[in-house]
file start.txt (compact mmCIF, C-alpha atoms)
# COMPACT_ATOMS: atom_id res chain seq x y z
CA MET A 1 -11.81 -98.63 186.05
CA SER A 2 -13.43 -99.07 182.65
CA VAL A 3 -12.00 -99.77 179.24
CA LEU A 4 -13.73 -100.00 175.88
CA PHE A 5 -12.43 -101.71 172.76
CA PRO A 6 -14.31 -101.67 169.46
CA LEU A 7 -13.25 -104.64 167.34
CA GLN A 8 -13.70 -105.30 163.65
CA GLU A 9 -16.79 -107.28 162.66
CA GLN A 10 -16.08 -110.94 161.85
CA SER A 11 -17.77 -113.78 159.97
CA ASP A 12 -20.50 -115.79 161.69
CA ASP A 13 -18.65 -119.05 161.11
CA SER A 14 -16.84 -119.86 164.36
CA SER A 15 -13.85 -121.72 162.90
CA GLU A 16 -13.27 -119.04 160.27
CA ASP A 17 -13.67 -116.35 162.94
CA GLU A 18 -11.02 -117.90 165.16
CA ALA A 19 -8.50 -118.42 162.33
CA SER A 20 -9.16 -114.96 160.92
CA GLY A 21 -8.89 -113.47 164.40
CA GLU A 22 -5.48 -115.05 165.00
CA MET A 23 -4.20 -113.77 161.65
CA ASP A 24 -5.56 -110.29 162.30
CA PHE A 25 -3.96 -110.32 165.75
CA LEU A 26 -0.53 -111.18 164.31
CA ARG A 27 -0.93 -108.67 161.50
CA ASN A 28 -1.89 -105.93 163.94
CA LEU A 29 0.92 -106.91 166.33
CA PHE A 30 3.55 -106.43 163.64
CA SER A 31 1.83 -103.28 162.42
CA SER A 32 1.72 -101.64 165.85
CA THR A 33 5.08 -102.79 167.23
CA LEU A 34 7.21 -102.54 164.09
CA GLY A 35 5.39 -99.69 162.41
CA LEU A 36 4.51 -101.80 159.37
CA GLY A 37 1.38 -100.84 157.47
CA SER A 38 -1.36 -98.65 158.85
CA ALA A 39 -4.05 -99.38 161.41
CA GLU A 40 -7.67 -98.75 160.53
CA LYS A 41 -9.37 -96.17 162.74
CA VAL A 42 -12.89 -96.75 164.00
CA LEU A 43 -13.40 -93.58 166.04
CA ASP A 44 -13.52 -90.12 164.54
CA GLU A 45 -11.68 -88.93 167.68
CA LEU A 46 -10.06 -90.71 170.62
CA THR A 47 -12.46 -89.41 173.27
CA LEU A 48 -15.52 -90.65 175.12
CA ASP A 49 -17.56 -88.58 172.66
CA GLY A 50 -16.00 -90.55 169.82
CA VAL A 51 -16.94 -93.81 171.51
CA ALA A 52 -20.53 -92.63 172.01
CA ARG A 53 -20.83 -91.67 168.35
CA TYR A 54 -19.45 -95.08 167.39
CA ILE A 55 -22.05 -96.88 169.52
CA ASN A 56 -24.88 -94.70 168.20
CA SER A 57 -23.76 -95.31 164.61
CA GLY A 58 -25.32 -98.78 164.77
CA LYS A 59 -22.03 -100.53 164.05
CA CYS A 60 -21.78 -101.91 167.60
CA LYS A 61 -23.89 -105.05 167.68
CA ASN A 62 -21.75 -107.38 169.81
CA ILE A 63 -20.48 -105.61 172.91
CA ILE A 64 -18.53 -107.58 175.50
CA CYS A 65 -18.02 -106.31 179.05
CA MET A 66 -15.12 -107.45 181.21
CA VAL A 67 -15.67 -106.42 184.83
CA GLY A 68 -13.93 -106.73 188.19
CA ALA A 69 -14.37 -105.84 191.85
CA GLY A 70 -14.14 -102.08 191.19
CA ILE A 71 -17.68 -101.93 189.82
CA SER A 72 -19.09 -103.14 193.16
CA THR A 73 -17.17 -100.90 195.56
CA SER A 74 -19.83 -98.18 195.43
CA ALA A 75 -22.31 -100.83 196.62
CA GLY A 76 -20.25 -101.20 199.78
CA ILE A 77 -18.30 -104.32 198.77
CA PRO A 78 -14.53 -103.87 199.16
CA ASP A 79 -12.20 -104.72 196.30
CA PHE A 80 -9.26 -107.02 196.93
CA ARG A 81 -6.06 -105.06 196.54
CA SER A 82 -6.64 -101.39 197.40
CA PRO A 83 -4.17 -100.40 200.18
CA GLY A 84 -5.92 -99.87 203.50
CA THR A 85 -9.49 -100.47 202.28
CA GLY A 86 -9.12 -103.62 200.16
CA LEU A 87 -10.25 -107.02 201.37
CA TYR A 88 -6.73 -108.41 201.68
CA ALA A 89 -5.72 -105.51 203.93
CA ASN A 90 -8.48 -106.22 206.47
CA LEU A 91 -8.30 -109.94 207.22
CA GLN A 92 -6.16 -109.77 210.37
CA LYS A 93 -8.99 -111.04 212.61
CA TYR A 94 -8.95 -114.39 210.84
CA ASN A 95 -5.32 -115.16 211.82
CA LEU A 96 -4.39 -116.29 208.32
CA PRO A 97 -0.83 -117.25 207.40
CA TYR A 98 -1.18 -114.77 204.51
CA PRO A 99 -4.26 -112.88 203.17
CA GLU A 100 -4.75 -114.95 200.01
CA ALA A 101 -4.99 -118.14 202.11
CA ILE A 102 -8.68 -117.44 202.71
CA PHE A 103 -9.24 -118.27 199.03
CA GLN A 104 -6.73 -121.15 198.78
CA ILE A 105 -8.50 -124.46 198.18
CA ASP A 106 -6.01 -126.52 200.22
CA TYR A 107 -6.23 -124.13 203.18
CA PHE A 108 -10.04 -124.07 202.91
CA LYS A 109 -10.31 -127.85 203.14
CA LYS A 110 -8.32 -127.82 206.38
CA HIS A 111 -9.61 -124.53 207.84
CA PRO A 112 -13.01 -123.58 206.33
CA GLU A 113 -14.03 -121.34 209.24
CA PRO A 114 -12.35 -118.07 208.07
CA PHE A 115 -13.91 -118.28 204.62
CA PHE A 116 -17.44 -118.86 205.89
CA ALA A 117 -17.08 -116.08 208.49
CA LEU A 118 -16.08 -113.71 205.68
CA ALA A 119 -18.84 -115.06 203.45
CA LYS A 120 -21.39 -114.09 206.10
CA GLU A 121 -20.14 -110.47 205.97
CA LEU A 122 -20.15 -110.28 202.17
CA TYR A 123 -23.01 -112.63 201.34
CA PRO A 124 -25.00 -111.87 198.16
CA GLY A 125 -28.35 -110.27 198.83
CA GLN A 126 -27.07 -107.65 201.27
CA PHE A 127 -26.02 -105.18 198.56
CA LYS A 128 -27.69 -103.43 195.65
CA PRO A 129 -26.28 -103.28 192.10
CA THR A 130 -24.44 -100.13 191.07
CA ILE A 131 -24.84 -97.79 188.11
CA CYS A 132 -22.28 -99.91 186.25
CA HIS A 133 -24.39 -103.04 186.68
CA TYR A 134 -27.49 -101.30 185.38
CA PHE A 135 -25.55 -99.77 182.48
CA MET A 136 -24.74 -103.32 181.37
CA LYS A 137 -28.43 -104.22 181.78
CA MET A 138 -29.25 -101.32 179.45
CA LEU A 139 -26.79 -102.68 176.89
CA LYS A 140 -28.69 -105.98 177.09
CA ASP A 141 -32.05 -104.21 176.75
CA LYS A 142 -30.75 -102.29 173.72
CA GLY A 143 -29.85 -105.62 172.11
CA VAL A 144 -26.11 -104.93 171.85
CA LEU A 145 -24.64 -106.93 174.77
CA ARG A 146 -23.11 -110.17 173.58
CA ARG A 147 -21.71 -111.24 176.93
CA CYS A 148 -20.47 -110.02 180.30
CA TYR A 149 -17.27 -111.65 181.55
CA THR A 150 -17.10 -111.03 185.29
CA GLN A 151 -14.44 -111.72 187.90
CA ASN A 152 -16.95 -110.95 190.65
CA ILE A 153 -18.66 -113.48 192.90
CA ASP A 154 -21.23 -111.11 194.41
CA THR A 155 -23.97 -112.04 191.86
CA LEU A 156 -24.90 -108.35 191.43
CA GLU A 157 -24.92 -108.79 187.65
CA ARG A 158 -27.77 -111.28 188.09
CA VAL A 159 -29.58 -109.01 190.58
CA ALA A 160 -29.40 -106.20 188.01
CA GLY A 161 -31.14 -108.38 185.44
CA LEU A 162 -28.44 -110.22 183.49
CA GLU A 163 -29.22 -113.90 183.06
CA GLY A 164 -27.03 -116.99 182.96
CA GLU A 165 -26.70 -116.87 179.19
CA ASP A 166 -25.53 -113.25 179.36
CA LEU A 167 -22.78 -114.06 181.87
CA ILE A 168 -19.44 -115.80 182.02
CA GLU A 169 -18.71 -115.91 185.75
CA ALA A 170 -14.99 -116.47 185.31
CA HIS A 171 -14.23 -116.79 189.00
CA GLY A 172 -17.42 -118.67 189.77
CA THR A 173 -20.48 -117.68 191.76
CA PHE A 174 -22.35 -118.10 195.04
CA TYR A 175 -25.44 -118.94 192.99
CA THR A 176 -24.77 -122.68 193.32
CA SER A 177 -22.61 -124.83 195.62
CA HIS A 178 -21.19 -128.35 195.44
CA CYS A 179 -19.81 -130.99 197.75
CA VAL A 180 -15.99 -130.89 197.49
CA SER A 181 -15.75 -134.71 197.35
CA PHE A 182 -14.97 -135.89 193.82
CA CYS A 183 -16.97 -139.03 194.53
CA CYS A 184 -20.09 -137.05 195.43
CA ARG A 185 -20.31 -133.51 194.01
CA LYS A 186 -23.92 -133.07 195.15
CA GLU A 187 -25.27 -129.64 194.19
CA TYR A 188 -26.93 -127.18 196.57
CA ASN A 189 -28.77 -123.94 195.83
CA LEU A 190 -28.26 -120.39 197.09
CA ASP A 191 -30.95 -120.60 199.79
CA TRP A 192 -29.46 -123.79 201.28
CA MET A 193 -25.99 -122.23 201.51
CA LYS A 194 -27.39 -118.98 202.92
CA GLU A 195 -29.20 -120.83 205.72
CA LYS A 196 -26.01 -122.67 206.68
CA ILE A 197 -23.81 -119.57 206.63
CA PHE A 198 -26.18 -117.38 208.64
CA SER A 199 -26.74 -120.09 211.23
CA ASP A 200 -22.94 -120.22 211.67
CA ASP A 201 -22.85 -123.86 210.60
CA ILE A 202 -19.97 -125.12 208.48
CA PRO A 203 -21.85 -126.47 205.43
CA LYS A 204 -21.57 -130.26 205.22
CA CYS A 205 -22.94 -132.51 202.52
CA ASP A 206 -26.22 -134.28 203.39
CA LYS A 207 -25.07 -137.28 201.39
CA CYS A 208 -21.44 -137.85 202.39
CA SER A 209 -20.70 -135.31 205.17
CA SER A 210 -17.86 -133.66 203.21
CA LEU A 211 -17.51 -129.88 203.06
CA VAL A 212 -19.80 -127.98 200.69
CA LYS A 213 -18.24 -124.99 198.94
CA PRO A 214 -19.90 -122.24 196.90
CA ASP A 215 -19.00 -122.55 193.23
CA ILE A 216 -16.46 -119.73 193.35
CA VAL A 217 -12.99 -120.40 191.97
CA PHE A 218 -10.34 -120.63 194.67
CA PHE A 219 -6.61 -120.37 194.07
CA GLY A 220 -5.55 -123.86 193.01
CA GLU A 221 -8.76 -124.55 191.07
CA ASN A 222 -9.45 -124.34 187.34
CA LEU A 223 -11.72 -121.71 185.83
CA PRO A 224 -15.08 -122.95 184.51
CA VAL A 225 -14.85 -124.75 181.17
CA ARG A 226 -17.44 -122.33 179.75
CA PHE A 227 -14.97 -119.45 180.20
CA PHE A 228 -12.56 -121.01 177.72
CA THR A 229 -15.13 -122.28 175.22
CA SER A 230 -17.11 -119.04 175.15
CA MET A 231 -14.15 -116.70 174.71
CA LYS A 232 -13.20 -118.49 171.47
CA MET A 233 -16.68 -117.81 170.14
CA ASP A 234 -17.30 -114.35 171.57
CA PHE A 235 -14.15 -112.32 171.09
CA PRO A 236 -13.70 -112.78 167.33
CA ARG A 237 -17.24 -111.41 166.90
CA CYS A 238 -16.80 -108.53 169.34
CA ASP A 239 -17.00 -105.00 167.94
CA LEU A 240 -16.73 -103.17 171.29
CA LEU A 241 -15.03 -104.37 174.45
CA ILE A 242 -15.81 -102.56 177.71
CA ILE A 243 -13.56 -103.20 180.71
CA MET A 244 -14.68 -101.86 184.09
CA GLY A 245 -13.39 -102.18 187.61
CA THR A 246 -10.29 -104.27 186.99
CA SER A 247 -6.59 -103.50 186.63
CA LEU A 248 -6.16 -106.79 184.71
CA GLN A 249 -3.69 -108.28 187.18
CA VAL A 250 -5.23 -111.75 187.53
CA GLN A 251 -4.64 -114.43 184.92
CA PRO A 252 -6.04 -115.98 182.82
CA PHE A 253 -8.82 -113.35 182.85
CA ALA A 254 -6.36 -110.56 182.03
CA SER A 255 -5.00 -112.46 179.02
CA LEU A 256 -8.28 -112.01 177.16
CA VAL A 257 -7.24 -108.50 176.20
CA GLY A 258 -3.77 -109.39 174.94
CA ARG A 259 -4.88 -112.44 172.99
CA TYR A 260 -8.05 -111.15 171.37
CA ILE A 261 -7.43 -107.50 170.60
CA ILE A 262 -7.48 -107.93 166.86
CA CYS A 263 -7.08 -105.51 163.98
CA VAL A 264 -9.49 -102.64 164.68
CA CYS A 265 -10.09 -101.89 168.34
CA VAL A 266 -10.79 -98.99 170.68
CA CYS A 267 -10.14 -98.79 174.40
CA VAL A 268 -11.69 -96.27 176.76
CA CYS A 269 -10.33 -96.52 180.28
CA VAL A 270 -12.35 -95.05 183.15
CA CYS A 271 -10.55 -95.20 186.49
CA VAL A 272 -10.20 -93.28 189.75
CA GLN A 273 -6.45 -92.88 189.34
CA ALA A 274 -3.88 -93.49 186.66
CA ASP A 275 -1.88 -96.20 188.50
CA PRO A 276 -4.18 -99.14 187.58
CA LEU A 277 -3.56 -98.37 183.92
CA LEU A 278 -0.02 -99.66 184.33
CA GLY A 279 -1.34 -103.20 184.58
CA MET A 280 -3.04 -102.86 181.23
CA LEU A 281 -0.13 -101.10 179.61
CA GLY A 282 2.24 -103.88 180.64
CA PHE A 283 3.11 -107.15 178.96
CA GLY A 284 0.17 -108.58 177.02
CA GLY A 285 -2.04 -105.57 177.58
CA GLY A 286 -1.87 -104.32 174.03
CA MET A 287 -3.28 -100.91 174.92
CA ASP A 288 -1.92 -97.57 173.78
CA PHE A 289 -3.44 -94.41 175.21
CA ASP A 290 -0.97 -91.64 174.44
CA SER A 291 1.87 -92.66 172.11
CA ASP A 292 2.34 -91.21 168.64
CA LYS A 293 0.97 -94.48 167.22
CA ALA A 294 -2.24 -94.43 169.31
CA TYR A 295 -5.28 -94.92 167.08
CA ARG A 296 -7.93 -96.69 169.15
CA ASP A 297 -7.52 -96.40 172.95
CA VAL A 298 -9.02 -93.63 175.11
CA ALA A 299 -8.40 -92.93 178.82
CA HIS A 300 -11.17 -91.34 180.89
CA ILE A 301 -10.26 -90.74 184.55
CA SER A 302 -13.25 -90.98 186.92
CA THR A 303 -15.04 -93.49 189.11
CA CYS A 304 -16.66 -96.44 187.34
CA ASP A 305 -20.17 -95.16 188.05
CA ASP A 306 -19.32 -91.62 186.89
CA GLY A 307 -17.74 -93.03 183.75
CA CYS A 308 -20.88 -95.00 182.93
CA LEU A 309 -23.03 -91.94 183.61
CA ALA A 310 -20.83 -89.81 181.36
CA LEU A 311 -21.04 -92.33 178.52
CA ALA A 312 -24.78 -92.78 179.04
CA ASP A 313 -25.22 -89.00 178.87
CA LEU A 314 -23.33 -88.82 175.57
CA LEU A 315 -25.43 -91.70 174.23
CA GLY A 316 -28.65 -89.94 175.24
CA TRP A 317 -29.41 -92.70 177.78
CA LYS A 318 -28.76 -90.88 181.07
CA ALA A 319 -32.38 -90.16 182.03
CA GLU A 320 -33.30 -93.75 181.22
CA LEU A 321 -30.37 -95.07 183.27
CA ASP A 322 -31.21 -92.83 186.25
CA ALA A 323 -34.83 -94.01 186.15
CA LEU A 324 -33.78 -97.67 185.93
CA VAL A 325 -31.47 -97.40 188.95
CA LYS A 326 -34.11 -95.58 191.02
CA GLN A 327 -36.86 -98.03 190.05
CA GLU A 328 -34.79 -101.16 190.71
CA HIS A 329 -33.36 -99.93 194.01
CA ALA A 330 -36.90 -99.12 195.18
CA ARG A 331 -38.05 -102.60 194.15
CA ILE A 332 -35.18 -104.25 196.05
CA ASP A 333 -35.85 -102.14 199.15
CA SER A 334 -39.56 -103.06 199.03
CA GLN A 335 -38.76 -106.74 198.60
CA ASP A 336 -36.28 -106.67 201.49
CA LYS A 337 -38.87 -104.96 203.71
CA LYS A 338 -41.47 -107.63 202.90
CA GLU A 339 -38.99 -110.43 203.63
CA LYS A 340 -37.97 -108.88 206.96
CA ASN A 341 -41.61 -108.38 207.96
CA SER A 342 -42.35 -111.97 207.03
CA GLU A 343 -39.38 -113.21 209.06
CA SER A 344 -40.43 -111.08 212.04
CA LYS A 345 -43.99 -112.43 211.93
CA GLY A 346 -42.69 -115.97 211.64
CA ALA A 347 -40.36 -115.51 214.60
CA ALA A 348 -43.15 -113.90 216.66
CA ALA A 349 -45.57 -116.72 215.86
CA LYS A 350 -42.95 -119.29 216.80
CA ALA A 351 -42.21 -117.53 220.09
CA SER A 352 -45.94 -117.21 220.87
CA SER A 353 -46.62 -120.89 220.26
CA ALA A 354 -43.64 -121.87 222.38
CA SER A 355 -44.88 -119.71 225.30
CA VAL A 356 -48.35 -121.31 225.40
CA ALA A 357 -48.45 -124.10 227.98
CA PRO A 358 -49.80 -127.38 226.64
CA GLU A 359 -53.29 -128.29 227.86
CA PRO A 360 -53.32 -131.09 230.40
CA LYS A 361 -54.70 -134.38 229.16
CA ALA A 362 -58.16 -135.26 230.37
CA GLU A 363 -58.26 -137.97 233.00
CA GLU A 364 -59.71 -141.21 231.79
call {"tool": "encode", "arguments": {"input": "start.txt", "output": "structure tokens"}}
result
Amino acid sequence: MSVLFPLQEQSDDSSEDEASGEMDFLRNLFSSTLGLGSAEKVLDELTLDGVARYINSGKCKNIICMVGAGISTSAGIPDFRSPGTGLYANLQKYNLPYPEAIFQIDYFKKHPEPFFALAKELYPGQFKPTICHYFMKMLKDKGVLRRCYTQNIDTLERVAGLEGEDLIEAHGTFYTSHCVSFCCRKEYNLDWMKEKIFSDDIPKCDKCSSLVKPDIVFFGENLPVRFFTSMKMDFPRCDLLIIMGTSLQVQPFASLVGRYIICVCVCVCVCVQADPLLGMLGFGGGMDFDSDKAYRDVAHISTCDDGCLALADLLGWKAELDALVKQEHARIDSQDKKEKNSESKGAAAKASSASVAPEPKAEE
């Protein structure tokens, strides 16, 4: 699912932005809910074409993307809640008391085995970024991406070319790991954790022997501080918000829309089916696709990748996007092939050296 919101340009002063944003939010809330005043329209029509014309007008200079698991499903990574195919519907083999327990911090500390078994199946580096990921990379390359707020832990945004400064990994990341002991908190990198997981070892701290957990946010843990500090700076400056691959069911990520949709805003929703829209149309969503008062929000029903392709086509970027995806997937395939060949040669050399009998020592 994808959603786009153009927001009114704000001052560069952060404190003024935040205060002005709150006032605009309240003003727009009364205007939209009570029918007081009139809302300013940004789009010439509430369609994907209108959004494309708005982007090409040069008025969009600070685009924020909010993304969820739906943008990675075409890469082969399951989302969490889809009936039958979602992650939570296929965890029976781990004998969990309930599906969400695999991401509960208290359960993890007592029973880490199910999480690390699942992590081996879904570990970053086994999947390639999707069209959606590369569309966001194009926004960065065009100089219009302010930030990507992601719920995903698969690191595919980074693989596609977004850097740490471009990202707010709201639910954490596999990119780094830490010892769970508050007295230690030693940090470990991606390669260290990968070696442990693929050797079927439960990662333990070299310093204190406590568990080591990837820096993803489990239920019962706080979101990264940077999530809260950055949203106060980013959203008042945002002139287009793009939401992809999330039904906005998980808080506090979902609350970003309700709290920071201020004054002038457009939403384009791209989703496989209409049901996920209900989450955004509910309490705090602030979106209006088809009422008589609708002036900013546009629904576009399709897959996330098809939605990005459609928008890229209207922007005149489709050929460039197709070429980027093809080029980057070929690069990843080539890199994977080299790594596998290197691993095979290393294993063969190790086996060969082990099979050679040691020479007997010369008699004195």
call {"tool": "closest_residue", "arguments": {"input": "start.txt", "among": "A:Thr47, A:Ser209, A:Ser291, A:Thr155", "to": "A:Cys183", "atoms": "all atoms listed in the file"}}
result
A:Ser209
call {"tool": "closest_residue", "arguments": {"input": "start.txt", "among": "A:Ile168, A:Ala117, A:Met233, A:Leu48", "to": "A:Leu315", "atoms": "all atoms listed in the file"}}
result
A:Leu48
call {"tool": "atom_distance", "arguments": {"input": "start.txt", "atom1": "atom CA of A:Arg53", "atom2": "atom CA of A:Asp322"}}
result
20.7 Å
call {"tool": "closest_residue", "arguments": {"input": "start.txt", "among": "A:Ala75, A:Ile102, A:Val298, A:Leu43", "to": "A:Ile243", "atoms": "only C-alpha atoms"}}
result
A:Val298
call {"tool": "closest_residue", "arguments": {"input": "start.txt", "among": "A:Glu320, A:Asp200, A:Glu169, A:Asp215", "to": "A:Glu187", "atoms": "only C-alpha atoms"}}
result
A:Asp215
call {"tool": "residues_near_point", "arguments": {"input": "start.txt", "point": "(-25.4, -119.5, 209.8)", "cutoff": "12 Å", "atoms": "all atoms listed in the file", "output": "PyMOL selection string"}}
result
chain A and resi 113+116-121+123+191-203
call {"tool": "closest_residue", "arguments": {"input": "start.txt", "among": "A:Cys65, A:Ile153, A:Val159, A:Leu321", "to": "A:Pro129", "atoms": "only C-alpha atoms"}}
result
A:Val159
call {"tool": "atom_distance", "arguments": {"input": "start.txt", "atom1": "atom CA of A:Leu139", "atom2": "atom CA of A:Gln335"}}
result
25.1 Å
call {"tool": "atom_distance", "arguments": {"input": "start.txt", "atom1": "atom CA of A:Lys41", "atom2": "atom CA of A:Lys232"}}
result
24.3 Å
call {"tool": "residues_around", "arguments": {"input": "start.txt", "residues": "A:Met66", "least_positions_apart": "5", "cutoff": "12 Å", "atoms": "all atoms listed in the file", "output": "ChimeraX atom specification"}}
result
/A:1-5,71,132-133,136,145-152,157,167-170,231,235,240-248,253-257,269
call {"tool": "residues_around", "arguments": {"input": "start.txt", "residues": "stretch 328-330 of chain A", "least_positions_apart": "6", "cutoff": "10 Å", "atoms": "all atoms listed in the file", "output": "list in words"}}
result
Lys128, Pro129, Thr130, Tyr134, Val159, Ala160, Gly161 and Asp336 of chain A
call {"tool": "write_last_selection", "arguments": {"input": "start.txt", "atoms": "C-alpha atoms", "output": "PDB file, in the coordinates of the input"}}
result
ATOM      1  CA  LYS A 128     -27.690-103.430 195.650  1.00  0.00           C
ATOM      2  CA  PRO A 129     -26.280-103.280 192.100  1.00  0.00           C
ATOM      3  CA  THR A 130     -24.440-100.130 191.070  1.00  0.00           C
ATOM      4  CA  TYR A 134     -27.490-101.300 185.380  1.00  0.00           C
ATOM      5  CA  VAL A 159     -29.580-109.010 190.580  1.00  0.00           C
ATOM      6  CA  ALA A 160     -29.400-106.200 188.010  1.00  0.00           C
ATOM      7  CA  GLY A 161     -31.140-108.380 185.440  1.00  0.00           C
ATOM      8  CA  ASP A 336     -36.280-106.670 201.490  1.00  0.00           C
TER       9      ASP A 336
END
call {"tool": "closest_residue", "arguments": {"input": "start.txt", "among": "A:Cys238, A:Leu311, A:Ile63, A:Leu324", "to": "A:Lys140", "atoms": "all atoms listed in the file"}}
result
A:Ile63
call {"tool": "residues_near_point", "arguments": {"input": "start.txt", "point": "(-25.1, -97.9, 164.7)", "cutoff": "12 Å", "atoms": "all atoms listed in the file", "output": "list in words"}}
result
Val51, Ala52, Arg53, Tyr54, Ile55, Asn56, Ser57, Gly58, Lys59, Cys60, Lys61, Asn62, Lys142, Gly143, Val144, Asp239, Leu240 and Leu315 of chain A
call {"tool": "write_last_selection", "arguments": {"input": "start.txt", "atoms": "C-alpha atoms", "output": "tab-separated table (two decimals), in the frame of the given file"}}
result
chain	number	residue	atom	x	y	z
A	51	VAL	CA	-16.94	-93.81	171.51
A	52	ALA	CA	-20.53	-92.63	172.01
A	53	ARG	CA	-20.83	-91.67	168.35
A	54	TYR	CA	-19.45	-95.08	167.39
A	55	ILE	CA	-22.05	-96.88	169.52
A	56	ASN	CA	-24.88	-94.70	168.20
A	57	SER	CA	-23.76	-95.31	164.61
A	58	GLY	CA	-25.32	-98.78	164.77
A	59	LYS	CA	-22.03	-100.53	164.05
A	60	CYS	CA	-21.78	-101.91	167.60
A	61	LYS	CA	-23.89	-105.05	167.68
A	62	ASN	CA	-21.75	-107.38	169.81
A	142	LYS	CA	-30.75	-102.29	173.72
A	143	GLY	CA	-29.85	-105.62	172.11
A	144	VAL	CA	-26.11	-104.93	171.85
A	239	ASP	CA	-17.00	-105.00	167.94
A	240	LEU	CA	-16.73	-103.17	171.29
A	315	LEU	CA	-25.43	-91.70	174.23
